[in-house]
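In what follows, a structure is listed as structure tokens, so that the remarks can point back to it.
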Amino acid sequence: MKVINPPYATNLLDQFCTAYNTRDLNGALQLFTQKANLWGTGIDEYRKGINEIKTQLERDWSQSEKGEITLASEIISSPDDPSWAAAVYNATIYIDNKPHTFDHLRATIAIAQEQGEWKIAHMHASFPDRQQPEGNSFPVG
């Protein structure tokens with residue numbers, strides 16, 4: 001049996017950010033497996049399957065005029081296991097023509113092969129809890 005090594009997931013994470021910034025719905029969706037799941041930053045943002053991911057992206061874009069996700073740290077992965085990647089981003093979202101900047105957006109993906117192509121099988125994005133003081137392990141203080 002021939003083992004096919006996946007491309008680094010870092011490439012797919014970078015491609016997703018580009019598609020998100022340009023609001024390329026088809027480009028973003030083609031990066032995901034059909035059964036992928038996405039955990040977003042909102043409490044209600046747990047999406048299962050490509051149709052729910054499409055709904056989430058459409059919701060994001062309907063609530064803003066423009067979004068810019070920019071890399072704040074290097075995208076990391078492991079040379080021993082290139083099937084995952086993580087990075088910290090800054091996001092600037094324009095709502096009513098006003099920029100709203102959110103820093104420390106954490107993103108992680110895992111990839112899997114589907115019909116001979118490597119795609120995103122899981123994506124998770126979150127922000128740190130602002131109630132948690134720096135240096136503390138829990139958001140109580």
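The way I read the labels, and the way they are meant: chains A, B, ... in the order of the structure tokens, residue 1 as the first residue of every chain, and ligand 1 as the first ligand shown, with later ones counted on from there.
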> Can you list, as a PyMOL selection string, every protein, DNA or RNA residue that comes within 7 Å of segment 66-72 of chain A when you count only C-alpha atoms, leaving out same-chain residues fewer than 4 positions away?
Replying inline: chain A and resi 17+21+88-94
> Do you know which residues are at most 9 Å from segment 103-112 of chain A counting only C-alpha atoms, after dropping those on the same chain fewer than 3 positions away, and could you put them as a PyMOL selection string?
Replying inline: chain A and resi 6+9-10+12-13+32-33+41+69+72+82-92+117-128
>> Taking 3 positions as the minimum chain separation for residues in the same chain, which residues sit within 8 Å of segment 45-59 of chain A when counting only C-alpha atoms? Answer as a ChimeraX atom specification.
In response: /A:25,29,32-42,62-63
Could those residues be written to a file, using N, CA and C atoms, as a short mmCIF file (atom, residue, chain, number, x, y, z; two decimals), in the first residue's frame?
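Written file, again_20.cif:
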```
data_model
loop_
_atom_site.label_atom_id
_atom_site.label_comp_id
_atom_site.auth_asym_id
_atom_site.auth_seq_id
_atom_site.Cartn_x
_atom_site.Cartn_y
_atom_site.Cartn_z
N LEU A 25 -16.82 32.34 -1.21
CA LEU A 25 -17.56 31.25 -0.57
C LEU A 25 -17.18 29.90 -1.15
N LEU A 29 -15.31 26.88 0.83
CA LEU A 29 -15.98 25.59 1.03
C LEU A 29 -15.22 24.43 0.42
N PHE A 32 -12.87 22.33 2.67
CA PHE A 32 -13.40 21.48 3.74
C PHE A 32 -13.88 20.13 3.21
N THR A 33 -13.78 19.10 4.06
CA THR A 33 -14.41 17.82 3.75
C THR A 33 -15.92 18.00 3.89
N GLN A 34 -16.68 17.12 3.29
CA GLN A 34 -18.13 17.22 3.36
C GLN A 34 -18.65 17.08 4.80
N LYS A 35 -17.94 16.31 5.62
CA LYS A 35 -18.39 16.08 7.00
C LYS A 35 -17.58 16.88 8.02
N ALA A 36 -16.90 17.91 7.54
CA ALA A 36 -16.08 18.74 8.44
C ALA A 36 -16.93 19.37 9.53
N ASN A 37 -16.26 19.78 10.59
CA ASN A 37 -16.94 20.58 11.60
C ASN A 37 -16.12 21.82 11.87
N LEU A 38 -16.82 22.86 12.30
CA LEU A 38 -16.21 24.15 12.55
C LEU A 38 -16.73 24.68 13.87
N TRP A 39 -15.83 25.02 14.77
CA TRP A 39 -16.19 25.67 16.02
C TRP A 39 -15.72 27.10 15.93
N GLY A 40 -16.66 28.03 15.92
CA GLY A 40 -16.32 29.44 15.78
C GLY A 40 -16.17 30.12 17.12
N THR A 41 -16.05 31.44 17.08
CA THR A 41 -15.81 32.20 18.30
C THR A 41 -17.09 32.45 19.10
N GLY A 42 -18.25 32.36 18.48
CA GLY A 42 -19.51 32.60 19.17
C GLY A 42 -19.99 31.36 19.90
N SER A 62 -22.84 38.44 6.16
CA SER A 62 -24.05 39.27 6.14
C SER A 62 -24.05 40.29 7.27
N GLN A 63 -23.23 40.07 8.29
CA GLN A 63 -23.20 40.96 9.45
C GLN A 63 -22.04 41.96 9.39
#
```
